[in-house]
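Colleague: Sharing protein.txt below, compact mmCIF, C-alpha atoms:
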# COMPACT_ATOMS: atom_id res chain seq x y z
CA MET V 96 -0.12 -14.40 6.60
CA PRO V 97 -0.66 -13.34 10.23
CA LYS V 98 2.29 -11.77 12.16
CA SER V 99 3.11 -12.55 15.79
CA ARG V 100 4.09 -9.70 18.08
CA ASP V 101 5.73 -12.25 20.41
CA ALA V 102 8.44 -13.10 17.89
CA VAL V 103 11.76 -14.10 19.38
CA VAL V 104 13.89 -11.04 20.07
CA ILE V 105 16.84 -11.35 17.73
CA ASP V 106 18.81 -8.39 19.01
CA ALA V 107 17.82 -6.73 22.25
CA GLN V 108 20.18 -3.82 21.47
CA GLN V 109 18.58 -2.83 18.19
CA PRO V 110 18.86 0.87 17.36
CA PRO V 111 15.61 2.88 17.39
CA LEU V 112 13.67 3.40 14.18
CA THR V 113 14.74 7.03 14.18
CA ALA V 114 18.20 5.75 13.20
CA LEU V 115 16.78 5.08 9.73
CA ALA V 116 16.97 7.90 7.19
CA GLY V 117 13.60 9.64 6.90
CA VAL V 118 12.21 8.43 10.23
CA GLY V 119 11.57 11.36 12.52
CA ALA V 120 9.51 11.54 15.67
CA LYS V 121 6.20 11.87 13.78
CA VAL V 122 6.87 8.92 11.47
CA ALA V 123 8.04 6.80 14.40
CA GLU V 124 4.81 7.65 16.22
CA LYS V 125 2.70 6.54 13.25
CA LEU V 126 4.63 3.27 13.06
CA ALA V 127 4.26 2.73 16.80
CA VAL V 128 0.48 2.89 16.47
CA ARG V 129 0.75 -0.32 14.42
CA GLY V 130 3.14 -1.88 16.95
CA ILE V 131 6.27 -1.23 14.87
CA VAL V 132 8.90 0.09 17.28
CA ASN V 133 12.18 -1.45 16.12
CA LEU V 134 13.93 -2.97 13.12
CA GLN V 135 12.66 -6.43 13.90
CA ASP V 136 9.07 -5.22 13.64
CA LEU V 137 9.81 -3.83 10.18
CA TRP V 138 11.38 -7.15 9.15
CA LEU V 139 8.18 -8.90 10.22
CA HIS V 140 5.78 -6.44 8.55
CA LEU V 141 5.19 -8.92 5.75
CA PRO V 142 3.69 -8.24 2.30
CA ARG V 143 0.01 -9.02 1.77
CA GLN V 144 0.51 -9.52 -1.98
CA TYR V 145 2.95 -8.95 -4.86
CA GLU V 146 2.97 -7.06 -8.14
CA ASP V 147 4.89 -8.37 -11.14
CA ARG V 148 6.52 -5.36 -12.84
CA THR V 149 9.36 -7.38 -14.35
CA THR V 150 7.70 -7.73 -17.77
CA ILE V 151 5.51 -5.77 -20.18
CA VAL V 152 2.35 -7.59 -21.28
CA PRO V 153 1.02 -6.73 -24.77
CA LEU V 154 -2.44 -5.20 -24.59
CA ARG V 155 -3.85 -7.94 -26.79
CA ALA V 156 -2.58 -10.59 -24.36
CA LEU V 157 -4.30 -9.12 -21.29
CA VAL V 158 -6.52 -11.49 -19.34
CA PRO V 159 -9.52 -10.01 -17.50
CA GLY V 160 -9.03 -10.23 -13.75
CA THR V 161 -5.27 -10.84 -13.96
CA ALA V 162 -3.04 -7.94 -12.87
CA ALA V 163 -0.35 -6.97 -15.37
CA GLN V 164 2.04 -4.21 -16.38
CA VAL V 165 1.45 -2.66 -19.78
CA GLU V 166 2.94 0.14 -21.86
CA GLY V 167 1.41 2.15 -24.65
CA ARG V 168 0.86 5.56 -26.16
CA VAL V 169 -2.03 7.86 -25.41
CA GLU V 170 -4.52 7.77 -28.30
CA ALA V 171 -7.43 9.74 -26.85
CA VAL V 172 -8.44 11.56 -23.67
CA GLU V 173 -12.00 12.24 -22.56
CA ARG V 174 -13.31 14.09 -19.54
CA GLY V 175 -16.93 13.66 -18.57
CA PHE V 176 -19.39 14.17 -15.77
CA ARG V 177 -22.06 11.54 -15.50
CA TYR V 178 -23.06 11.19 -11.87
CA ARG V 179 -19.45 12.10 -10.99
CA PRO V 180 -16.32 13.42 -12.72
CA THR V 181 -14.62 10.85 -14.96
CA LEU V 182 -11.36 10.82 -16.87
CA ARG V 183 -10.91 8.18 -19.59
CA VAL V 184 -7.55 7.70 -21.30
CA ALA V 185 -7.21 5.28 -24.23
CA ILE V 186 -3.76 3.83 -24.87
CA GLY V 187 -2.57 1.54 -27.66
CA ASP V 188 0.55 -0.49 -28.41
CA ASP V 189 2.20 -2.46 -31.21
CA SER V 190 -0.23 -5.35 -30.73
CA HIS V 191 -2.90 -3.07 -32.26
CA ALA V 192 -5.11 -3.32 -29.19
CA THR V 193 -6.55 -0.58 -26.97
CA LEU V 194 -6.89 -0.30 -23.23
CA VAL V 195 -8.87 2.33 -21.33
CA LEU V 196 -7.52 3.86 -18.12
CA ARG V 197 -10.39 5.22 -16.03
CA PHE V 198 -10.04 7.72 -13.18
CA PHE V 199 -12.72 9.05 -10.86
CA HIS V 200 -10.39 11.14 -8.71
CA PHE V 201 -7.95 13.36 -10.62
CA ARG V 202 -6.51 16.85 -10.83
CA ALA V 203 -6.05 19.23 -13.74
CA ALA V 204 -2.28 18.71 -13.66
CA GLN V 205 -2.85 14.98 -13.96
CA VAL V 206 -5.05 15.46 -17.02
CA ALA V 207 -2.36 17.60 -18.64
CA GLN V 208 0.09 14.67 -18.46
CA PHE V 209 -1.95 12.56 -20.85
CA GLN V 210 -1.09 14.30 -24.09
CA PRO V 211 -1.79 12.29 -27.27
CA GLY V 212 1.32 10.34 -28.19
CA ALA V 213 2.73 10.31 -24.64
CA ARG V 214 4.30 7.01 -23.48
CA VAL V 215 2.53 5.54 -20.45
CA ARG V 216 3.51 2.55 -18.36
CA CYS V 217 0.90 1.37 -15.88
CA TYR V 218 0.02 -1.54 -13.63
CA GLY V 219 -3.42 -2.76 -12.64
CA THR V 220 -6.13 -5.35 -13.09
CA PRO V 221 -8.03 -5.12 -16.41
CA ARG V 222 -11.75 -5.75 -16.39
CA PRO V 223 -14.42 -5.63 -19.10
CA GLY V 224 -15.80 -2.12 -19.65
CA GLN V 225 -18.12 -0.36 -22.06
CA HIS V 226 -15.45 -0.18 -24.76
CA GLY V 227 -13.33 -3.28 -24.11
CA LEU V 228 -10.91 -3.85 -21.27
CA GLU V 229 -10.24 -1.04 -18.82
CA ILE V 230 -8.22 -0.50 -15.64
CA VAL V 231 -9.70 1.71 -12.94
CA HIS V 232 -7.17 3.92 -11.14
CA PRO V 233 -4.00 2.12 -12.27
CA SER V 234 -0.62 3.04 -10.86
CA TYR V 235 1.16 4.71 -13.76
CA ARG V 236 3.97 6.97 -14.87
CA ILE V 237 4.71 8.96 -18.01
CA LEU V 238 7.92 7.79 -19.67
CA PRO V 239 10.44 10.07 -21.43
CA GLU V 240 10.11 9.91 -25.20
CA HIS V 241 13.42 8.28 -26.09
CA ALA V 242 14.55 6.91 -22.71
CA ASP V 243 15.02 3.14 -22.40
CA ASP V 244 13.31 2.73 -19.04
CA GLU V 245 14.49 -0.51 -17.43
CA LEU V 246 12.10 -3.03 -15.93
CA GLY V 247 12.22 -4.23 -12.34
CA GLU V 248 14.34 -7.24 -11.50
CA ARG V 249 12.05 -8.70 -8.84
CA LEU V 250 8.42 -8.80 -7.75
CA ASP V 251 7.25 -5.69 -5.91
CA PRO V 252 5.80 -6.36 -2.44
CA VAL V 253 2.56 -4.66 -1.37
CA TYR V 254 2.42 -4.10 2.39
CA PRO V 255 -0.54 -3.65 4.74
CA ALA V 256 -1.24 0.08 4.83
CA ILE V 257 -0.14 2.26 7.73
CA GLU V 258 -2.10 5.47 8.14
CA GLY V 259 -0.04 8.53 7.34
CA ILE V 260 2.74 6.62 5.56
CA GLY V 261 2.57 6.12 1.80
CA PRO V 262 3.25 2.73 0.18
CA ALA V 263 6.50 3.90 -1.42
CA SER V 264 7.78 5.36 1.86
CA LEU V 265 6.90 2.19 3.76
CA ARG V 266 8.62 0.04 1.14
CA ARG V 267 11.71 2.25 1.39
CA LEU V 268 11.81 2.01 5.21
CA ILE V 269 11.48 -1.77 5.15
CA GLY V 270 14.28 -1.89 2.56
CA LEU V 271 16.53 0.16 4.85
CA ALA V 272 15.72 -2.16 7.74
CA LEU V 273 16.51 -5.22 5.61
CA ASP V 274 19.89 -3.71 4.76
CA ARG V 275 20.67 -4.00 8.48
CA LEU V 276 19.81 -7.68 8.78
CA PRO V 277 22.49 -9.54 10.77
CA ASP V 278 24.49 -12.28 9.09
CA GLU V 279 22.93 -15.72 8.82
CA ALA V 280 24.84 -17.24 11.76
CA SER V 281 23.82 -14.44 14.14
CA LEU V 282 20.18 -14.54 13.09
CA GLU V 283 19.57 -18.29 12.95
CA LEU V 284 18.10 -20.19 15.90
CA LEU V 285 16.98 -23.50 14.38
CA PRO V 286 19.46 -26.37 13.95
CA ALA V 287 20.54 -26.96 10.37
CA ALA V 288 19.46 -30.61 10.58
CA LEU V 289 15.90 -29.61 11.44
CA ARG V 290 15.78 -27.07 8.60
CA ASP V 291 17.05 -29.68 6.15
CA GLU V 292 14.48 -32.20 7.38
CA LEU V 293 11.62 -29.73 6.91
CA ARG V 294 13.14 -28.37 3.68
CA LEU V 295 13.06 -24.82 4.98
CA PRO V 296 15.49 -21.95 4.31
CA SER V 297 17.38 -20.04 6.95
CA LEU V 298 15.61 -17.17 8.70
CA ARG V 299 17.69 -14.56 6.86
CA GLU V 300 17.01 -16.14 3.48
CA ALA V 301 13.30 -16.44 4.28
CA LEU V 302 13.00 -12.76 5.21
CA LEU V 303 14.84 -11.62 2.08
CA THR V 304 12.78 -13.91 -0.15
CA VAL V 305 9.46 -12.73 1.27
CA HIS V 306 10.38 -9.03 1.07
CA ARG V 307 12.48 -9.17 -2.10
CA PRO V 308 11.30 -12.16 -4.12
CA PRO V 309 13.35 -12.74 -7.29
CA ALA V 310 11.75 -12.56 -10.70
CA ASP V 311 11.67 -16.35 -10.99
CA ALA V 312 9.96 -16.83 -7.60
CA ASP V 313 6.83 -18.97 -7.44
CA ILE V 314 4.32 -16.11 -7.15
CA GLY V 315 1.45 -18.59 -6.89
CA ALA V 316 3.00 -20.15 -3.80
CA LEU V 317 3.73 -16.70 -2.34
CA LEU V 318 0.16 -15.51 -2.85
CA ALA V 319 -1.19 -18.77 -1.41
CA GLY V 320 1.05 -18.42 1.64
CA ASN V 321 2.71 -21.82 1.27
CA HIS V 322 6.11 -20.82 -0.15
CA PRO V 323 9.00 -22.41 1.83
CA ALA V 324 10.11 -18.94 2.94
CA GLN V 325 6.65 -18.20 4.33
CA ARG V 326 6.42 -21.60 6.00
CA ARG V 327 9.74 -20.89 7.71
CA LEU V 328 8.37 -17.61 9.10
CA VAL V 329 5.18 -19.38 10.22
CA LEU V 330 7.31 -21.91 12.08
CA GLU V 331 9.26 -19.03 13.64
CA GLU V 332 6.06 -17.39 14.90
CA LEU V 333 4.61 -20.65 16.23
CA LEU V 334 7.86 -21.38 18.04
CA ALA V 335 7.89 -17.88 19.54
CA HIS V 336 4.26 -18.28 20.59
CA HIS V 337 4.89 -21.59 22.35
CA LEU V 338 8.01 -20.23 24.04
CA SER V 339 6.07 -17.22 25.34
CA LEU V 340 3.32 -19.51 26.67
CA ARG V 341 5.95 -21.70 28.32
CA ARG V 342 7.54 -18.64 29.91
CA GLN V 343 4.18 -17.51 31.27
CA ARG V 344 3.48 -20.97 32.64
CA LEU V 345 6.83 -21.07 34.43
CA ALA V 346 6.10 -17.64 35.90
CA GLN V 347 2.70 -18.84 37.12
CA GLN V 348 4.20 -21.93 38.71
CA ALA V 349 6.53 -19.71 40.73
CA HIS V 350 3.49 -18.67 42.80
CA ALA V 351 2.44 -20.76 45.80
CA ALA V 352 -0.96 -22.44 46.09
CA PRO V 353 -2.60 -24.41 48.90
CA VAL V 354 -2.13 -28.17 48.74
CA LEU V 355 -5.50 -29.94 48.46
CA LYS V 356 -5.15 -33.64 49.24
CA LYS V 357 -8.36 -34.55 51.08
CA THR V 358 -10.78 -36.51 48.94
CA ALA V 359 -13.50 -37.71 51.36
CA LEU V 360 -16.16 -35.22 50.24
CA ALA V 361 -15.32 -35.71 46.58
CA ARG V 362 -15.62 -39.47 46.98
CA ARG V 363 -19.02 -39.06 48.70
CA LEU V 364 -20.21 -36.89 45.81
CA GLN V 365 -18.92 -39.41 43.28
CA ALA V 366 -20.74 -42.24 45.10
CA ALA V 367 -23.98 -40.21 45.19
CA LEU V 368 -24.03 -39.59 41.45
CA PRO V 369 -26.91 -41.40 39.68
CA PHE V 370 -24.43 -42.56 37.05
CA ARG V 371 -20.88 -43.76 36.82
CA LEU V 372 -18.08 -41.62 35.47
CA THR V 373 -16.85 -42.63 32.05
CA GLY V 374 -13.24 -43.66 31.62
CA ALA V 375 -12.36 -40.25 30.16
CA GLN V 376 -14.11 -38.38 32.98
CA GLN V 377 -12.38 -40.47 35.63
CA ARG V 378 -9.00 -39.93 33.98
CA VAL V 379 -9.49 -36.15 33.85
CA PHE V 380 -10.62 -36.07 37.49
CA GLU V 381 -7.53 -37.98 38.59
CA GLN V 382 -5.32 -35.57 36.66
CA ILE V 383 -7.01 -32.60 38.35
CA ARG V 384 -6.72 -34.26 41.75
CA ARG V 385 -2.97 -34.69 41.25
CA ASP V 386 -2.65 -31.07 40.09
CA LEU V 387 -4.48 -29.76 43.18
CA ALA V 388 -2.17 -31.78 45.43
CA GLN V 389 0.79 -29.72 44.20
CA PRO V 390 1.94 -26.49 45.93
CA ARG V 391 1.50 -24.41 42.76
CA PRO V 392 -1.47 -23.06 40.78
CA MET V 393 -3.24 -25.48 38.47
CA LEU V 394 -3.40 -24.45 34.82
CA ARG V 395 -5.75 -26.89 33.12
CA LEU V 396 -8.50 -26.44 30.55
CA VAL V 397 -11.15 -29.15 30.31
CA GLN V 398 -12.71 -29.25 26.86
CA GLY V 399 -15.56 -31.35 25.55
CA ASP V 400 -18.87 -31.36 23.73
CA VAL V 401 -22.13 -30.36 25.39
CA GLY V 402 -23.15 -33.10 27.80
CA SER V 403 -19.68 -34.65 27.98
CA GLY V 404 -19.53 -34.26 31.76
CA LYS V 405 -17.32 -31.21 32.21
CA THR V 406 -19.58 -29.91 35.00
CA VAL V 407 -19.37 -33.19 36.90
CA VAL V 408 -15.58 -33.16 36.80
CA ALA V 409 -15.54 -29.49 37.86
CA ALA V 410 -17.89 -30.24 40.76
CA LEU V 411 -15.62 -33.06 41.95
CA ALA V 412 -12.64 -30.72 41.81
CA ALA V 413 -14.58 -28.08 43.76
CA MET V 414 -15.40 -30.64 46.43
CA LEU V 415 -11.67 -31.21 46.95
CA ALA V 416 -11.32 -27.53 47.84
CA VAL V 417 -14.38 -27.53 50.10
CA ASP V 418 -13.17 -30.68 51.86
CA ALA V 419 -9.89 -28.89 52.61
CA GLY V 420 -11.72 -25.94 54.16
CA ARG V 421 -11.42 -23.71 51.13
CA GLN V 422 -14.03 -21.90 49.13
CA ALA V 423 -14.84 -23.08 45.60
CA ALA V 424 -16.86 -21.57 42.77
CA LEU V 425 -18.42 -22.92 39.59
CA MET V 426 -18.96 -20.33 36.86
CA ALA V 427 -21.60 -20.59 34.14
CA PRO V 428 -22.05 -18.33 31.09
CA THR V 429 -25.82 -17.82 31.63
CA GLU V 430 -28.15 -17.48 34.61
CA LEU V 431 -30.28 -20.36 33.36
CA LEU V 432 -27.31 -22.71 33.18
CA ALA V 433 -26.15 -21.60 36.63
CA GLU V 434 -29.57 -22.52 38.06
CA GLN V 435 -29.41 -25.92 36.37
CA HIS V 436 -25.97 -26.58 37.89
CA LEU V 437 -27.23 -25.49 41.32
CA ASN V 438 -30.23 -27.83 41.14
CA ASN V 439 -28.04 -30.76 40.05
CA LEU V 440 -25.47 -30.15 42.80
CA ARG V 441 -28.21 -29.92 45.45
CA ALA V 442 -29.62 -33.24 44.30
CA TRP V 443 -26.20 -34.92 44.24
CA LEU V 444 -25.24 -33.54 47.66
Using structure tokens, write down the structure that the file contains.
Modeller:
Amino acid sequence: MPKSRDAVVIDAQQPPLTALAGVGAKVAEKLAVRGIVNLQDLWLHLPRQYEDRTTIVPLRALVPGTAAQVEGRVEAVERGFRYRPTLRVAIGDDSHATLVLRFFHFRAAQVAQFQPGARVRCYGTPRPGQHGLEIVHPSYRILPEHADDELGERLDPVYPAIEGIGPASLRRLIGLALDRLPDEASLELLPAALRDELRLPSLREALLTVHRPPADADIGALLAGNHPAQRRLVLEELLAHHLSLRRQRLAQQAHAAPVLKKTALARRLQAALPFRLTGAQQRVFEQIRRDLAQPRPMLRLVQGDVGSGKTVVAALAAMLAVDAGRQAALMAPTELLAEQHLNNLRAWL
């Protein structure tokens, strides 16, 4: 899901990112390169996908192409060099199945971890290999022999990478920022009635759900981008975008512009045209004429298919300016099209 940098400022007095533990000047600079300069930017640095580490999937139940977390014991280790260095680690579990972990980039210390009999928990996407299913470069850790290592309680978010900041560090920083979320009443801007009508959660609940989805969350909806929490954030960004456009428009209208009311030349051009304006063209021209009669800049975009008459309407508007003693210009994207417009205008005039 895309993130708007024009999001509504929730707290203009937010502390700097350096107030978070582990964020020094260098880390803050790396975050700033990606436009992350305050807590709100961290709140809106949304996950691009999720990893389900809340369960252990038996090796025999693995589905090719479906990411899963597995656990097993090292059965065999093989180092080879065919075109490039390769490390293959075979693990097995109580389901009497085997999975191969394949590494192309590894260190000697990493190889030493995979002793036969060692407990390994890893996460990745299994795919068919030469000797059954294999996972290339899984995320993994070696478990203590008799420790009862607990599983996660929620889905793990995976964030868009930021150069110079590791995934775990970024996840930790976003977690610290989320711990500073204001209460629901201070954060919320939309009326409760509108949220109920659209069946959307509050902004605080949406942020927490997207960053810290519970184990029973609809991961399919989250990955598809249509979870209610994500739709609430989309609405927030669209609202912020329209408000920023409205603010820019109001700022533009504060400037003065000459009032163009004369229409004699434009009427002469319209009468000289070898065709009559369509209803839509006439309506657009009248709207432009009213806009130009106001003492503020006109902000209007005329859209239409090729041959719909946009040039004719633009020429009529230009004639209003010329008739009032002002200069006017028609712009064309190519020299050939500019020559065609010039020839048409000469014939009409």
Colleague: Padding 6 Å on every side, please: axis-aligned box over the listed atoms of stretch 354-370 of chain V, centre and edge lengths to one decimal in Å, as lines of an AutoDock Vina configuration file.
Modeller:
center_x = -14.5
center_y = -35.4
center_z = 44.2
size_x = 36.8
size_y = 26.4
size_z = 26.3
Colleague: Is it possible to get the residues within 10 Å of (12.1, -7.8, -7.7) (coordinates as in the file, counting only C-alpha atoms) written as a list in words?
Modeller: Tyr145, Glu146, Asp147, Arg148, Thr149, Leu246, Gly247, Glu248, Arg249, Leu250, Asp251, Pro252, Thr304, His306, Arg307, Pro308, Pro309, Ala310, Asp311 and Ala312 of chain V
Colleague: Just how far from atom CA of V:Glu300 is atom CA of V:Lys125, in Å to one decimal?
Modeller: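 Pair atom CA of V:Lys125 / atom CA of V:Glu300 returns 28.5 Å.
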Colleague: Counting all atoms listed in the file, figure out which residue out of V:Arg222, V:Asp313, V:Gln208, V:Pro153 gets nearest to V:Ser190.
Modeller: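 That would be V:Pro153, the residue with the smallest distance to V:Ser190.
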Colleague: Could you jot down the atom CA of V:Leu387 to atom CA of V:Leu345 separation for me, Å, one decimal place?
Modeller: 16.7 Å
Colleague: What does the distance between atom CA of V:Lys405 and atom CA of V:Pro353 come to in Å, to one decimal place?
Modeller: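 These atoms are spaced 23.3 Å apart.
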Colleague: Need to verify the contact set: stretch 375-380 of chain V, 9 Å, only C-alpha atoms, exclusion of same-chain residues closer than 2 positions in sequence. Can you return it as a PyMOL selection string?
Modeller: chain V and resi 372-373+382-385+397+403-405+407-409+411-412
Colleague: Which residues are close to V:Leu368, i.e. within 10 Å by all atoms listed in the file, leaving aside same-chain residues fewer than 6 positions away? Reply as number ranges by chain.
Modeller: V: 407, 439-440, 442-444
Colleague: Ranking V:His200, V:Ala361, V:Ile131, V:Leu338 by minimum distance to V:Pro180 and counting all atoms listed in the file, which one comes first?
Modeller: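 Among the listed residues, V:His200 lies closest to V:Pro180.
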Colleague: Please report as CSV every residue of stretch 279-383 of chain V lying within 9 Å of stretch 413-431 of chain V, along with the nearest atom pair and their distance in Å (one decimal), using all atoms listed in the file.
Modeller:
residue,atom,partner,partner_atom,distance
V:Val354,CA,V:Ala419,CA,8.7
V:Leu355,CA,V:Ala419,CA,6.1
V:Lys356,CA,V:Leu415,CA,7.3
V:Lys357,CA,V:Ala419,CA,6.1
V:Thr358,CA,V:Leu415,CA,5.7
V:Ala359,CA,V:Asp418,CA,7.1
V:Leu360,CA,V:Asp418,CA,5.7
V:Ala361,CA,V:Met414,CA,5.1
V:Arg362,CA,V:Met414,CA,8.8
V:Leu364,CA,V:Met414,CA,7.9
Colleague: In terms of the shortest atom-to-atom distance over only C-alpha atoms, which of V:Ala301, V:Ala433, V:Val169, V:Ala263 is closest to V:Gly212?
Modeller: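 Residue with the minimum atom-to-atom distance to V:Gly212: V:Val169.
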Colleague: So which residues touch V:Pro323 within 7 Å, counting all atoms listed in the file, skipping near sequence neighbours fewer than 3 positions away, as JSON, numbers by chain?
Modeller: {"V": [295, 296, 326, 327]}
Colleague: Go through V:Ser339, V:Leu271, V:Ala192, V:Tyr254 one by one, measure the shortest atom-to-atom distance of each to V:Ala114 using all atoms listed in the file, and give the residue with the smallest value.
Modeller: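 Checking each candidate against V:Ala114, we get V:Leu271 as the closest.
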Colleague: Measuring between all atoms listed in the file, which one of V:His337, V:Gly227, V:Asp274, V:Leu238 shows the shortest distance to V:Pro159?
Modeller: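 Using all atoms listed in the file, the shortest distance to V:Pro159 belongs to V:Gly227.
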Colleague: Residues within 8 Å of V:Ala162, please, as a ChimeraX atom specification. Count all atoms listed in the file; anything in the same chain fewer than 4 positions from it doesn't count.
Modeller: /V:146,218-221
Colleague: Let me make sure I understand: among V:Glu124, V:Glu434, V:Glu245, V:Glu381, which one has the smallest atom-to-atom distance to V:Ile260 if we use only C-alpha atoms?
Modeller: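 Looking at the shortest contact to V:Ile260, the residue is V:Glu124.
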Colleague: Might you pull out every residue within 9 Å of V:Val195, with only C-alpha atoms counted and same-chain residues fewer than 3 positions away left off, and present them as JSON, numbers by chain?
Modeller: {"V": [183, 184, 185, 186, 187, 221, 224, 226, 227, 228, 229, 230, 231]}
Colleague: Once you have the residues from the selection above, write them out as a PDB file, in the frame of the given file, restricted to C-alpha atoms.
Modeller:
ATOM      1  CA  ARG V 183     -10.910   8.180 -19.590  1.00  0.00           C
ATOM      2  CA  VAL V 184      -7.550   7.700 -21.300  1.00  0.00           C
ATOM      3  CA  ALA V 185      -7.210   5.280 -24.230  1.00  0.00           C
ATOM      4  CA  ILE V 186      -3.760   3.830 -24.870  1.00  0.00           C
ATOM      5  CA  GLY V 187      -2.570   1.540 -27.660  1.00  0.00           C
ATOM      6  CA  PRO V 221      -8.030  -5.120 -16.410  1.00  0.00           C
ATOM      7  CA  GLY V 224     -15.800  -2.120 -19.650  1.00  0.00           C
ATOM      8  CA  HIS V 226     -15.450  -0.180 -24.760  1.00  0.00           C
ATOM      9  CA  GLY V 227     -13.330  -3.280 -24.110  1.00  0.00           C
ATOM     10  CA  LEU V 228     -10.910  -3.850 -21.270  1.00  0.00           C
ATOM     11  CA  GLU V 229     -10.240  -1.040 -18.820  1.00  0.00           C
ATOM     12  CA  ILE V 230      -8.220  -0.500 -15.640  1.00  0.00           C
ATOM     13  CA  VAL V 231      -9.700   1.710 -12.940  1.00  0.00           C
TER      14      VAL V 231
END
Colleague: Some atoms are absent from stretch 351-367 of chain V, so rebuild N, CA and C atoms and return them as a CSV table (one decimal), in the coordinates of the input.
Modeller:
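Output file result_8.csv is given in full below:
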chain,number,residue,atom,x,y,z
V,351,ALA,N,2.8,-19.7,44.9
V,351,ALA,CA,2.4,-20.8,45.8
V,351,ALA,C,0.9,-20.9,45.8
V,352,ALA,N,0.5,-22.1,46.0
V,352,ALA,CA,-1.0,-22.4,46.1
V,352,ALA,C,-1.2,-23.5,47.2
V,353,PRO,N,-2.3,-23.4,47.8
V,353,PRO,CA,-2.6,-24.4,48.9
V,353,PRO,C,-2.6,-25.8,48.3
V,354,VAL,N,-2.1,-26.8,49.1
V,354,VAL,CA,-2.1,-28.2,48.7
V,354,VAL,C,-3.5,-28.8,49.1
V,355,LEU,N,-4.2,-29.4,48.2
V,355,LEU,CA,-5.5,-29.9,48.5
V,355,LEU,C,-5.4,-31.4,48.2
V,356,LYS,N,-5.3,-32.2,49.3
V,356,LYS,CA,-5.2,-33.6,49.2
V,356,LYS,C,-6.4,-34.4,49.7
V,357,LYS,N,-7.2,-33.8,50.6
V,357,LYS,CA,-8.4,-34.6,51.1
V,357,LYS,C,-9.3,-34.9,50.0
V,358,THR,N,-9.9,-36.1,50.0
V,358,THR,CA,-10.8,-36.5,48.9
V,358,THR,C,-12.1,-37.1,49.5
V,359,ALA,N,-12.3,-37.0,50.8
V,359,ALA,CA,-13.5,-37.7,51.4
V,359,ALA,C,-14.8,-37.2,50.8
V,360,LEU,N,-14.9,-35.8,50.7
V,360,LEU,CA,-16.2,-35.2,50.2
V,360,LEU,C,-16.3,-35.5,48.8
V,361,ALA,N,-15.2,-35.4,48.0
V,361,ALA,CA,-15.3,-35.7,46.6
V,361,ALA,C,-15.7,-37.2,46.3
V,362,ARG,N,-15.2,-38.1,47.1
V,362,ARG,CA,-15.6,-39.5,47.0
V,362,ARG,C,-17.1,-39.7,47.3
V,363,ARG,N,-17.6,-39.0,48.4
V,363,ARG,CA,-19.0,-39.1,48.7
V,363,ARG,C,-19.9,-38.5,47.6
V,364,LEU,N,-19.5,-37.4,46.9
V,364,LEU,CA,-20.2,-36.9,45.8
V,364,LEU,C,-20.2,-37.9,44.7
V,365,GLN,N,-19.0,-38.5,44.4
V,365,GLN,CA,-18.9,-39.4,43.3
V,365,GLN,C,-19.8,-40.6,43.5
V,366,ALA,N,-19.9,-41.1,44.8
V,366,ALA,CA,-20.7,-42.2,45.1
V,366,ALA,C,-22.2,-41.9,45.0
V,367,ALA,N,-22.6,-40.6,45.2
V,367,ALA,CA,-24.0,-40.2,45.2
V,367,ALA,C,-24.5,-39.9,43.8
